[in-house]
file coords.cif (mmCIF, C-alpha atoms and all ligand atoms)
data_protein
#
loop_
_atom_site.label_atom_id
_atom_site.label_comp_id
_atom_site.auth_asym_id
_atom_site.auth_seq_id
_atom_site.Cartn_x
_atom_site.Cartn_y
_atom_site.Cartn_z
CA MET P 196 0.74 34.98 16.24
CA LYS P 197 1.85 32.01 14.14
CA VAL P 198 3.59 29.31 16.14
CA LEU P 199 5.63 26.27 15.13
CA LEU P 200 5.86 23.33 17.53
CA ILE P 201 8.60 20.75 16.98
CA GLY P 202 7.91 17.10 17.90
CA SER P 203 5.49 14.27 17.35
CA GLY P 204 4.68 12.58 20.66
CA GLY P 205 1.98 12.67 23.31
CA ARG P 206 3.84 15.51 24.99
CA GLU P 207 3.57 17.60 21.84
CA HIS P 208 -0.09 16.67 21.36
CA ALA P 209 -0.81 18.01 24.86
CA LEU P 210 1.19 21.19 24.16
CA ALA P 211 -0.57 21.65 20.81
CA TRP P 212 -3.99 21.20 22.43
CA LYS P 213 -3.22 23.90 25.03
CA ILE P 214 -1.50 26.34 22.65
CA ALA P 215 -4.40 26.01 20.21
CA GLN P 216 -6.78 27.42 22.85
CA SER P 217 -4.85 30.69 23.07
CA PRO P 218 -6.63 33.83 21.84
CA GLN P 219 -3.17 35.09 20.83
CA LEU P 220 -2.71 32.28 18.31
CA THR P 221 -3.55 32.81 14.66
CA ARG P 222 -2.21 29.50 13.39
CA LEU P 223 -0.35 26.54 14.84
CA TYR P 224 2.00 24.33 12.83
CA VAL P 225 3.54 21.11 14.15
CA ALA P 226 6.55 19.38 12.61
CA PRO P 227 6.15 16.52 12.09
CA GLY P 228 3.25 16.03 14.53
CA ASN P 229 0.85 13.09 14.49
CA PRO P 230 -2.77 12.55 13.35
CA GLY P 231 -4.12 13.31 16.82
CA MET P 232 -3.04 16.94 16.44
CA ALA P 233 -4.55 17.47 13.01
CA ASP P 234 -7.73 19.04 14.39
CA VAL P 235 -5.79 21.77 16.24
CA ALA P 236 -2.72 22.28 14.04
CA GLU P 237 -1.38 22.00 10.54
CA LEU P 238 1.07 19.11 10.26
CA VAL P 239 4.26 19.94 8.38
CA ALA P 240 6.69 17.35 7.01
CA LEU P 241 9.83 19.18 8.18
CA ASP P 242 13.03 17.43 9.23
CA SER P 243 14.06 19.11 12.50
CA THR P 244 17.66 17.94 12.09
CA ASP P 245 17.85 20.24 9.04
CA HIS P 246 18.06 23.56 10.88
CA ALA P 247 18.31 25.62 7.70
CA ALA P 248 15.08 24.06 6.43
CA VAL P 249 13.30 24.92 9.68
CA VAL P 250 14.53 28.54 9.46
CA THR P 251 13.40 28.79 5.83
CA PHE P 252 9.97 27.39 6.69
CA CYS P 253 9.59 29.92 9.52
CA ARG P 254 10.55 32.83 7.24
CA GLU P 255 8.28 31.75 4.39
CA THR P 256 5.33 31.05 6.68
CA GLY P 257 5.69 34.09 8.93
CA ILE P 258 6.28 32.06 12.11
CA GLU P 259 7.18 34.30 15.05
CA PHE P 260 7.61 31.76 17.82
CA VAL P 261 8.99 28.20 17.88
CA VAL P 262 8.38 25.76 20.74
CA VAL P 263 10.74 22.78 20.80
CA GLY P 264 9.33 19.66 22.48
CA PRO P 265 12.03 16.93 22.55
CA GLU P 266 15.61 17.10 23.83
CA ALA P 267 17.51 15.83 20.78
CA PRO P 268 17.01 18.99 18.64
CA LEU P 269 17.90 21.16 21.65
CA VAL P 270 21.14 19.29 22.33
CA ALA P 271 21.86 19.60 18.60
CA GLY P 272 21.52 23.40 18.76
CA LEU P 273 18.22 23.98 16.95
CA ALA P 274 17.25 26.75 19.39
CA ASP P 275 20.59 28.53 18.79
CA ASP P 276 20.13 28.49 15.02
CA LEU P 277 16.53 29.71 15.21
CA ARG P 278 17.49 32.52 17.61
CA ALA P 279 20.36 33.49 15.32
CA ALA P 280 17.72 33.87 12.58
CA GLY P 281 15.79 36.31 14.78
CA LEU P 282 13.02 34.01 15.98
CA ALA P 283 11.69 33.72 19.52
CA VAL P 284 12.28 30.17 20.75
CA PHE P 285 11.07 28.20 23.74
CA GLY P 286 13.93 25.84 24.62
CA PRO P 287 17.54 26.12 25.77
CA SER P 288 20.71 26.66 23.75
CA ALA P 289 22.92 23.63 23.08
CA ALA P 290 25.27 24.87 25.82
CA ALA P 291 22.44 25.04 28.38
CA ALA P 292 20.98 21.72 27.15
CA GLN P 293 24.09 20.03 28.52
CA LEU P 294 22.09 19.86 31.76
CA GLU P 295 20.41 16.89 30.07
CA GLY P 296 23.05 16.01 27.49
CA SER P 297 25.86 15.37 29.97
CA LYS P 298 25.33 13.93 33.43
CA GLY P 299 28.92 14.84 34.35
CA PHE P 300 28.24 18.49 33.41
CA THR P 301 25.24 18.59 35.75
CA LYS P 302 27.07 16.89 38.60
CA ASP P 303 29.96 19.37 38.31
CA LEU P 304 27.48 22.27 38.35
CA CYS P 305 25.89 20.83 41.51
CA ALA P 306 29.30 20.45 43.13
CA ARG P 307 30.30 24.05 42.33
CA HIS P 308 27.06 25.54 43.58
CA GLY P 309 26.33 23.33 46.59
CA ILE P 310 23.22 21.75 45.06
CA PRO P 311 22.23 18.56 46.92
CA THR P 312 22.85 15.42 44.81
CA GLY P 313 24.55 12.04 45.32
CA ALA P 314 28.35 12.01 45.70
CA TYR P 315 29.94 11.10 42.36
CA ARG P 316 33.07 10.63 40.26
CA ARG P 317 33.57 10.92 36.48
CA PHE P 318 35.65 8.39 34.50
CA THR P 319 36.90 8.14 30.92
CA THR P 320 38.64 4.77 31.28
CA GLU P 321 37.65 1.44 32.77
CA ALA P 322 40.42 0.59 35.26
CA PRO P 323 40.03 3.62 37.56
CA ALA P 324 36.24 3.22 37.44
CA LEU P 325 36.51 -0.41 38.58
CA ALA P 326 38.99 0.60 41.28
CA TYR P 327 36.53 3.23 42.54
CA LEU P 328 33.77 0.60 42.67
CA ALA P 329 36.04 -1.62 44.77
CA GLU P 330 36.48 1.32 47.14
CA VAL P 331 32.81 2.36 47.51
CA GLY P 332 30.95 -0.95 47.06
CA ALA P 333 27.22 -1.36 46.43
CA PRO P 334 24.46 -0.27 46.18
CA ILE P 335 25.78 2.21 43.63
CA VAL P 336 24.58 3.83 40.39
CA VAL P 337 26.48 3.69 37.08
CA LYS P 338 25.51 6.11 34.30
CA ALA P 339 26.63 6.66 30.73
CA ASP P 340 27.39 10.39 30.56
CA GLY P 341 25.46 11.27 27.40
CA LEU P 342 21.97 10.77 25.95
CA ALA P 343 21.29 7.03 25.84
CA ALA P 344 17.53 6.99 25.22
CA GLY P 345 16.84 6.31 28.91
CA LYS P 346 18.92 3.11 28.87
CA GLY P 347 22.25 4.34 30.19
CA VAL P 348 21.53 4.08 33.93
CA THR P 349 22.19 1.00 36.08
CA VAL P 350 21.09 1.03 39.70
CA ALA P 351 23.38 -1.76 40.92
CA MET P 352 22.55 -3.62 44.09
CA THR P 353 25.81 -5.61 43.89
CA ARG P 354 29.38 -4.69 42.97
CA GLU P 355 29.37 -7.32 40.19
CA GLU P 356 26.36 -5.66 38.57
CA ALA P 357 28.06 -2.27 38.79
CA GLU P 358 31.28 -3.66 37.27
CA ALA P 359 29.31 -5.20 34.41
CA ALA P 360 27.63 -1.82 33.78
CA VAL P 361 31.00 -0.04 33.68
CA ARG P 362 32.40 -2.61 31.22
CA ASP P 363 29.24 -2.36 29.15
CA CYS P 364 29.57 1.44 28.83
CA PHE P 365 33.25 1.36 27.92
CA SER P 366 32.73 -1.47 25.42
CA GLY P 367 30.57 0.88 23.38
CA SER P 368 27.04 -0.31 24.19
CA PHE P 369 25.84 3.29 24.26
CA GLY P 370 28.15 4.61 21.57
CA ALA P 371 29.58 8.07 22.22
CA ALA P 372 27.15 8.54 25.16
CA GLY P 373 29.12 5.91 27.10
CA ALA P 374 32.61 7.25 26.39
CA GLU P 375 32.43 8.81 29.84
CA VAL P 376 30.91 7.16 32.90
CA VAL P 377 29.53 8.80 36.04
CA ILE P 378 29.42 6.66 39.17
CA GLU P 379 27.21 8.09 41.87
CA ALA P 380 25.93 7.26 45.33
CA PHE P 381 22.63 5.41 45.58
CA LEU P 382 19.91 7.71 46.91
CA ASP P 383 17.11 6.18 48.94
CA GLY P 384 13.66 7.78 49.04
CA GLU P 385 10.59 8.57 46.95
CA GLU P 386 11.06 9.91 43.44
CA ALA P 387 9.21 12.91 42.05
CA SER P 388 9.44 15.06 38.94
CA PHE P 389 9.35 18.82 39.29
CA PHE P 390 8.91 21.31 36.45
CA CYS P 391 9.88 24.99 36.19
CA LEU P 392 9.87 27.48 33.39
CA CYS P 393 13.06 29.54 33.13
CA ASP P 394 13.95 32.70 31.23
CA GLY P 395 17.66 32.76 32.00
CA ARG P 396 17.26 34.82 35.17
CA THR P 397 14.19 33.61 37.01
CA ALA P 398 12.13 30.46 37.39
CA LEU P 399 8.39 29.93 37.59
CA ALA P 400 7.37 26.72 39.35
CA LEU P 401 4.86 24.75 37.28
CA GLY P 402 4.17 21.70 39.34
CA SER P 403 5.08 18.16 40.19
CA ALA P 404 4.28 14.72 38.83
CA GLN P 405 5.15 11.10 39.37
CA ASP P 406 5.97 8.82 36.47
CA HIS P 407 5.83 5.00 36.29
CA LYS P 408 8.98 3.95 34.47
CA ARG P 409 8.76 0.15 34.61
CA VAL P 410 6.66 -1.62 32.02
CA GLY P 411 4.76 -3.92 34.40
CA ASP P 412 2.25 -3.59 37.22
CA GLY P 413 3.83 -3.20 40.65
CA ASP P 414 6.83 -1.43 39.05
CA THR P 415 8.25 -4.64 37.56
CA GLY P 416 10.01 -5.42 34.29
CA PRO P 417 12.27 -3.27 32.12
CA ASN P 418 12.43 0.51 32.13
CA THR P 419 10.42 2.47 29.57
CA GLY P 420 9.97 6.10 28.64
CA GLY P 421 7.07 6.17 31.14
CA MET P 422 3.87 4.11 31.31
CA GLY P 423 1.71 6.63 33.14
CA ALA P 424 1.84 9.65 35.41
CA TYR P 425 -0.18 11.80 37.73
CA SER P 426 0.09 15.36 38.96
CA PRO P 427 0.57 16.69 41.56
CA ALA P 428 2.88 14.26 43.39
CA PRO P 429 1.71 14.13 47.03
CA VAL P 430 5.31 13.96 48.27
CA MET P 431 5.87 17.46 46.83
CA SER P 432 4.22 19.38 49.64
CA GLU P 433 4.36 23.17 49.64
CA ALA P 434 7.36 23.03 51.98
CA MET P 435 9.15 20.52 49.75
CA VAL P 436 8.49 22.68 46.68
CA ALA P 437 9.91 25.71 48.51
CA ARG P 438 13.06 23.78 49.47
CA THR P 439 13.44 22.47 45.92
CA MET P 440 13.24 26.00 44.52
CA ASP P 441 15.71 27.41 47.07
CA GLU P 442 18.20 24.56 47.22
CA ILE P 443 18.12 23.15 43.68
CA ILE P 444 16.34 25.18 40.98
CA LEU P 445 17.38 28.76 41.78
CA PRO P 446 21.06 27.91 42.42
CA THR P 447 21.02 26.11 39.05
CA ILE P 448 19.55 29.12 37.24
CA ARG P 449 22.07 31.47 38.89
CA GLY P 450 24.94 29.04 38.27
CA MET P 451 24.09 28.58 34.58
CA ALA P 452 23.85 32.35 34.08
CA ALA P 453 27.14 32.95 35.92
CA ASP P 454 28.82 30.27 33.79
CA GLY P 455 27.77 32.08 30.62
CA HIS P 456 24.94 29.81 29.43
CA PRO P 457 21.70 31.09 30.91
CA PHE P 458 18.94 28.48 30.85
CA THR P 459 15.67 29.25 29.08
CA GLY P 460 12.85 26.79 28.54
CA VAL P 461 11.53 24.15 30.88
CA LEU P 462 13.74 22.61 33.51
CA PHE P 463 12.55 19.15 34.54
CA ALA P 464 14.20 18.05 37.77
CA GLY P 465 14.19 14.35 38.60
CA LEU P 466 14.26 14.38 42.40
CA MET P 467 14.76 11.87 45.16
CA ILE P 468 13.03 12.96 48.35
CA THR P 469 15.41 11.47 50.89
CA ALA P 470 15.42 11.66 54.70
CA LYS P 471 17.56 14.83 54.29
CA GLY P 472 15.19 16.48 51.83
CA PRO P 473 15.12 16.90 48.04
CA GLU P 474 18.21 15.74 46.12
CA LEU P 475 18.75 16.03 42.39
CA ILE P 476 18.90 12.77 40.41
CA GLU P 477 19.04 14.40 36.99
CA TYR P 478 17.87 17.28 34.87
CA ASN P 479 15.99 17.17 31.61
CA VAL P 480 15.67 20.28 29.47
CA ARG P 481 12.16 19.61 28.13
CA PHE P 482 8.79 18.56 29.45
CA GLY P 483 8.44 14.95 30.57
CA ASP P 484 6.44 12.58 28.44
CA PRO P 485 3.85 11.61 29.78
CA GLU P 486 4.22 14.14 32.65
CA CYS P 487 3.45 17.04 30.30
CA GLN P 488 0.05 15.54 29.49
CA VAL P 489 -1.07 15.66 33.13
CA LEU P 490 0.37 19.14 33.68
CA MET P 491 -1.48 20.50 30.64
CA MET P 492 -4.77 19.01 31.89
CA ARG P 493 -4.30 20.92 35.16
CA LEU P 494 -3.23 24.26 33.67
CA ASP P 495 -6.01 26.85 33.69
CA SER P 496 -3.96 29.73 32.26
CA ASP P 497 -3.30 30.42 28.62
CA LEU P 498 -0.06 28.52 27.90
CA LEU P 499 1.15 30.55 24.92
CA PRO P 500 1.94 33.88 26.67
CA ILE P 501 3.67 31.97 29.49
CA LEU P 502 5.95 30.09 27.09
CA LEU P 503 6.60 33.32 25.21
CA ALA P 504 7.49 35.12 28.46
CA ALA P 505 10.04 32.39 29.24
CA ALA P 506 11.51 32.73 25.75
CA THR P 507 11.79 36.52 25.94
CA GLY P 508 13.03 37.13 29.50
CA ARG P 509 9.69 38.32 30.92
CA LEU P 510 8.80 35.43 33.18
CA ASP P 511 8.50 37.76 36.19
CA GLN P 512 5.50 39.37 34.47
CA VAL P 513 3.31 36.27 34.18
CA GLU P 514 1.69 33.76 36.47
CA ALA P 515 0.31 30.30 35.91
CA VAL P 516 -3.00 29.30 37.46
CA TRP P 517 -3.61 25.62 38.12
CA ARG P 518 -6.73 23.61 38.75
CA ASP P 519 -6.64 22.33 42.30
CA GLU P 520 -7.34 18.82 41.04
CA THR P 521 -5.41 15.68 40.16
CA ALA P 522 -4.75 14.60 36.59
CA LEU P 523 -3.69 11.08 35.68
CA THR P 524 -2.63 9.54 32.39
CA VAL P 525 -2.40 5.90 31.33
CA VAL P 526 -0.05 5.06 28.46
CA LEU P 527 -1.23 2.45 25.99
CA ALA P 528 1.73 0.82 24.28
CA SER P 529 2.22 -1.74 21.52
CA LYS P 530 2.50 -5.31 22.84
CA GLY P 531 6.21 -6.12 23.17
CA TYR P 532 7.28 -2.56 24.09
CA PRO P 533 9.95 -1.65 25.28
CA GLY P 534 11.24 -4.55 23.14
CA ALA P 535 10.26 -5.27 19.54
CA TYR P 536 6.62 -4.74 18.54
CA ALA P 537 4.43 -5.00 15.45
CA LYS P 538 3.78 -1.85 13.43
CA SER P 539 0.70 -0.65 11.55
CA THR P 540 -1.73 -2.39 13.90
CA PRO P 541 -5.21 -0.85 13.59
CA ILE P 542 -6.78 1.29 16.31
CA ARG P 543 -10.48 0.89 15.58
CA ALA P 544 -12.08 3.03 18.28
CA LEU P 545 -11.14 5.76 20.75
CA PRO P 546 -13.24 7.20 23.58
CA ALA P 547 -14.75 10.63 22.97
CA ASN P 548 -12.98 13.57 24.60
CA ASP P 549 -14.96 15.55 27.18
CA THR P 550 -14.29 18.07 29.93
CA THR P 551 -12.62 15.52 32.21
CA THR P 552 -11.14 12.95 29.85
CA ARG P 553 -8.93 13.31 26.81
CA VAL P 554 -6.83 11.01 24.62
CA PHE P 555 -3.47 12.33 23.48
CA GLN P 556 -1.83 10.47 20.62
CA ALA P 557 1.86 9.58 20.41
CA GLY P 558 3.02 6.82 18.06
CA THR P 559 0.09 6.92 15.63
CA ALA P 560 -0.24 7.35 11.88
CA LEU P 561 -2.99 7.29 9.26
CA GLU P 562 -2.75 4.53 6.67
CA GLU P 563 -5.52 4.68 4.05
CA ASP P 564 -7.74 6.57 6.51
CA GLN P 565 -7.22 3.94 9.21
CA LEU P 566 -5.59 5.09 12.45
CA VAL P 567 -2.71 2.71 13.18
CA ALA P 568 -0.05 2.32 15.85
CA VAL P 569 3.48 2.86 14.57
CA GLY P 570 5.41 3.48 17.80
CA GLY P 571 6.05 1.87 21.17
CA ARG P 572 4.04 4.29 23.28
CA VAL P 573 0.92 5.07 21.28
CA LEU P 574 -1.95 6.63 23.28
CA ASN P 575 -2.14 8.61 26.52
CA VAL P 576 -5.59 8.31 28.05
CA THR P 577 -5.75 11.26 30.42
CA ALA P 578 -8.34 12.34 32.97
CA ILE P 579 -8.79 14.93 35.69
CA GLY P 580 -10.81 14.78 38.90
CA PRO P 581 -11.07 16.07 42.45
CA ASP P 582 -8.68 13.36 43.69
CA VAL P 583 -6.38 10.69 42.30
CA ALA P 584 -8.97 7.90 42.76
CA THR P 585 -11.55 9.77 40.64
CA ALA P 586 -9.03 10.74 37.97
CA ARG P 587 -7.84 7.15 37.81
CA ALA P 588 -11.35 5.69 37.59
CA ARG P 589 -12.18 8.11 34.75
CA ALA P 590 -8.95 7.30 32.90
CA TYR P 591 -9.44 3.53 33.08
CA GLU P 592 -13.10 3.82 32.10
CA ALA P 593 -11.90 5.56 28.94
CA VAL P 594 -9.04 3.07 28.45
CA ASP P 595 -11.64 0.29 28.30
CA LYS P 596 -13.31 2.04 25.37
CA VAL P 597 -10.16 1.87 23.25
CA ASP P 598 -10.47 -0.81 20.57
CA TRP P 599 -6.88 -1.72 19.76
CA GLU P 600 -6.05 -5.39 19.82
CA ASN P 601 -2.28 -4.95 19.88
CA GLY P 602 -2.26 -2.47 22.77
CA PHE P 603 -1.60 -2.95 26.47
CA CYS P 604 -1.28 -0.76 29.54
CA ARG P 605 -0.45 -0.93 33.22
CA ARG P 606 -3.56 -1.25 35.38
CA ASP P 607 -2.06 0.33 38.49
CA ILE P 608 -1.14 3.90 37.52
CA GLY P 609 -1.34 6.08 40.63
CA TRP P 610 -0.88 3.24 43.11
CA ARG P 611 1.69 5.09 45.16
CA ALA P 612 -0.56 8.10 45.69
CA LEU P 613 -3.54 5.85 46.46
CA THR P 614 -1.68 3.80 49.06
CA ARG P 615 -0.25 6.80 50.93
CA GLY P 616 -1.49 7.00 54.49
P1 LIG J 1 17.93 8.85 35.16
O1 LIG J 1 17.95 8.42 33.73
O2 LIG J 1 19.16 9.54 35.65
O3 LIG J 1 16.62 9.51 35.57
O4 LIG J 1 17.86 7.49 35.99
C1 LIG J 1 16.85 6.55 35.75
C2 LIG J 1 16.32 6.05 37.05
O5 LIG J 1 17.37 5.45 37.82
C3 LIG J 1 15.80 7.16 37.96
O6 LIG J 1 14.49 7.49 37.65
C4 LIG J 1 15.93 6.51 39.32
O7 LIG J 1 14.85 5.63 39.55
C5 LIG J 1 17.18 5.70 39.19
N1 LIG J 1 18.33 6.44 39.71
C6 LIG J 1 19.16 7.26 39.03
N2 LIG J 1 20.11 7.78 39.84
C7 LIG J 1 19.89 7.26 41.06
C8 LIG J 1 20.53 7.39 42.33
N3 LIG J 1 21.62 8.14 42.49
N4 LIG J 1 20.02 6.71 43.37
C9 LIG J 1 18.94 5.91 43.22
N5 LIG J 1 18.29 5.75 42.06
C10 LIG J 1 18.75 6.40 40.98
N1 LIG J 2 8.78 10.32 31.49
C1 LIG J 2 10.15 10.57 31.69
C2 LIG J 2 10.75 11.49 30.75
O1 LIG J 2 10.11 12.15 29.96
O2 LIG J 2 11.97 11.61 30.79
#

call {"tool": "encode", "arguments": {"input": "coords.cif", "output": "structure tokens"}}
result
Amino acid sequence: MKVLLIGSGGREHALAWKIAQSPQLTRLYVAPGNPGMADVAELVALDSTDHAAVVTFCRETGIEFVVVGPEAPLVAGLADDLRAAGLAVFGPSAAAAQLEGSKGFTKDLCARHGIPTGAYRRFTTEAPALAYLAEVGAPIVVKADGLAAGKGVTVAMTREEAEAAVRDCFSGSFGAAGAEVVIEAFLDGEEASFFCLCDGRTALALGSAQDHKRVGDGDTGPNTGGMGAYSPAPVMSEAMVARTMDEIILPTIRGMAADGHPFTGVLFAGLMITAKGPELIEYNVRFGDPECQVLMMRLDSDLLPILLAAATGRLDQVEAVWRDETALTVVLASKGYPGAYAKSTPIRALPANDTTTRVFQAGTALEEDQLVAVGGRVLNVTAIGPDVATARARAYEAVDKVDWENGFCRRDIGWRALTRG
């Protein structure tokens, strides 16, 4: 089978690496991909916003299955257009991708189906939003409704901060994404990410992970796309996973189907494990980045038939087998990230990949045969081991072999798991 993977980050490198190991694969194409994937896939300069061009490429190349990595093409309806052209696609329709594309949509779904999440209200103008803040006080969370590249959420410890966030949204700081604002109750607890594959009717639990969103050690500094992750998340015990499936994931799958937009693809639940149990913070409709990298390190099964089963309504016929080990990834980013950073800085050496350690590439490019950093998050140094301490030691040992002057990383990935009693 010929497969096309859409995307170019570390998440897609990890997916490409796993898909490429499948005996069912004849050839893997990635659009646009990055140099790290070149040894497992053919890189194609396709613009994924041009849906007709993607369809034409698939027809001319004999692609049978398309896997979409990032959320933007899903929200824009790429999966719908590919399905309309008769292709099998891993990823939700634009209607189902609203689970990520609109926070208000997800909150309303939760309300209708009794899914545990913070109490909330939706607003399209400033005055009633400010009046609501006066009523509920702080701490409180203010969110731009739409996709705001991870920047649209303010966890406000004071009412003034919350008011500033509301004004910021309605003054256009997030463009169309901020035209509607969701104000929701602050949830207290430990965060975890939980991943399931869905085929519209059923869900297959994949596993859990914990991300490190702040740029600095000790969870300080501005938010990023994620500076490191490990899987599994200790807080997601078997009992907690069972409750999450019963109380959050399965009602969502049933609710989406009943509402006429069945969800297929990967459902990534951002959870807060509160004193009451798991509560939904948000959904994403794609794998997490860098959470995907640690999940792929732990997956023993062939990924391709599992993704295909999700895309074709046969998820009840497959199972996923996981290594009973911990995987951990450290993100190396360009100095300055998440703010401005220099581009085209040379990466002179990378550690060799082996059975326990592997470097996935994200924001890299080749310039005159020299590997250079062109993005904010650039390398994901990933390792697996019998426990989080071993995985972490292996990952940092490899990190120290990276020769890239303009790179930096957090030195404390996994701290929460290591300091648990
Ligand atoms: P989101 O983009 O919705 O994942 O939000 C970004 C981050 O804000 C989350 O990872 C949480 O750390 C925090 N957050 C979002 N919603 C809440 C909430 N209701 N209570 C507490 N923290 C939240
Ligand atoms: N690492 C968080 C995300 O992918 O949304």

call {"tool": "residues_near_ligand", "arguments": {"input": "coords.cif", "ligand": "ligand LIG 1 (chain J)", "cutoff": "9 Å", "atoms": "all atoms listed in the file", "output": "number ranges by chain"}}
result
P: 298, 312-315, 334-338, 343-350, 378-384, 386-387, 406, 408, 418, 465-467, 475-479

call {"tool": "residues_around", "arguments": {"input": "coords.cif", "residues": "Arg553 (chain P)", "least_positions_apart": "3", "cutoff": "10 Å", "atoms": "only C-alpha atoms", "output": "list in words"}}
result
Ala209, Gln488, Met492, Thr524, Leu545, Pro546, Ala547, Asn548, Asp549, Thr550, Gln556, Asn575, Val576, Thr577, Ala578, Ile579, Ala590 and Ala593 of chain P

call {"tool": "closest_atom_pairs", "arguments": {"input": "coords.cif", "of": "chain P", "to": "ligand LIG 2 (chain J)", "cutoff": "7 Å", "atoms": "all atoms listed in the file", "output": "Markdown table"}}
result
| residue | atom | partner | partner_atom | distance |
| --- | --- | --- | --- | --- |
| P:Asp406 | CA | J:LIG2 | N1 | 5.9 |
| P:Gly420 | CA | J:LIG2 | N1 | 5.2 |
| P:Gly421 | CA | J:LIG2 | N1 | 4.5 |
| P:Asn479 | CA | J:LIG2 | O2 | 6.9 |
| P:Phe482 | CA | J:LIG2 | O1 | 6.6 |
| P:Gly483 | CA | J:LIG2 | O1 | 3.3 |
| P:Asp484 | CA | J:LIG2 | O1 | 4.0 |
| P:Pro485 | CA | J:LIG2 | N1 | 5.4 |
| P:Glu486 | CA | J:LIG2 | N1 | 6.1 |

call {"tool": "write_last_selection", "arguments": {"input": "coords.cif", "atoms": "C-alpha atoms", "output": "tab-separated table (two decimals), in the coordinates of the input"}}
result
chain	number	residue	atom	x	y	z
P	406	ASP	CA	5.97	8.82	36.47
P	420	GLY	CA	9.97	6.10	28.64
P	421	GLY	CA	7.07	6.17	31.14
P	479	ASN	CA	15.99	17.17	31.61
P	482	PHE	CA	8.79	18.56	29.45
P	483	GLY	CA	8.44	14.95	30.57
P	484	ASP	CA	6.44	12.58	28.44
P	485	PRO	CA	3.85	11.61	29.78
P	486	GLU	CA	4.22	14.14	32.65

call {"tool": "residues_around", "arguments": {"input": "coords.cif", "residues": "region 236-251 of chain P", "least_positions_apart": "5", "cutoff": "6 Å", "atoms": "all atoms listed in the file", "output": "list of chain:residue names"}}
result
P:Leu223, P:Tyr224, P:Val225, P:Ala226, P:Pro227, P:Gly228

call {"tool": "write_last_selection", "arguments": {"input": "coords.cif", "atoms": "C-alpha atoms", "output": "compact mmCIF listing (two decimals), keeping the file's coordinate frame"}}
result
# COMPACT_ATOMS: atom_id res chain seq x y z
CA LEU P 223 -0.35 26.54 14.84
CA TYR P 224 2.00 24.33 12.83
CA VAL P 225 3.54 21.11 14.15
CA ALA P 226 6.55 19.38 12.61
CA PRO P 227 6.15 16.52 12.09
CA GLY P 228 3.25 16.03 14.53

call {"tool": "atom_distance", "arguments": {"input": "coords.cif", "atom1": "CA of Thr221 (chain P)", "atom2": "CA of Gly257 (chain P)"}}
result
10.9 Å

call {"tool": "closest_residue", "arguments": {"input": "coords.cif", "among": "P:Arg481, P:Gly460, P:Gly204, P:Ala283", "to": "Glu295 (chain P)", "atoms": "only C-alpha atoms"}}
result
P:Arg481

call {"tool": "closest_residue", "arguments": {"input": "coords.cif", "among": "P:Arg605, P:Thr521, P:Gly370, P:Val480", "to": "Ser403 (chain P)", "atoms": "all atoms listed in the file"}}
result
P:Thr521

call {"tool": "closest_residue", "arguments": {"input": "coords.cif", "among": "P:Val526, P:Ala324, P:Ile444, P:Ala333", "to": "Val377 (chain P)", "atoms": "all atoms listed in the file"}}
result
P:Ala324

call {"tool": "closest_residue", "arguments": {"input": "coords.cif", "among": "P:Asp234, P:Glu562, P:Asp303, P:Glu259", "to": "Gly450 (chain P)", "atoms": "only C-alpha atoms"}}
result
P:Asp303

call {"tool": "closest_atom_pairs", "arguments": {"input": "coords.cif", "of": "region 331-443 of chain P", "to": "region 504-508 of chain P", "cutoff": "7 Å", "atoms": "all atoms listed in the file", "output": "JSON lines"}}
result
{"residue": "P:Leu392", "atom": "CA", "partner": "P:Ala505", "partner_atom": "CA", "distance": 6.4}
{"residue": "P:Cys393", "atom": "CA", "partner": "P:Ala505", "partner_atom": "CA", "distance": 5.7}
{"residue": "P:Asp394", "atom": "CA", "partner": "P:Ala505", "partner_atom": "CA", "distance": 4.4}
{"residue": "P:Gly395", "atom": "CA", "partner": "P:Gly508", "partner_atom": "CA", "distance": 6.8}

call {"tool": "atom_distance", "arguments": {"input": "coords.cif", "atom1": "CA of Leu499 (chain P)", "atom2": "CA of Ile258 (chain P)"}}
result
13.9 Å

call {"tool": "atom_distance", "arguments": {"input": "coords.cif", "atom1": "CA of Val461 (chain P)", "atom2": "CA of Ala274 (chain P)"}}
result
13.1 Å
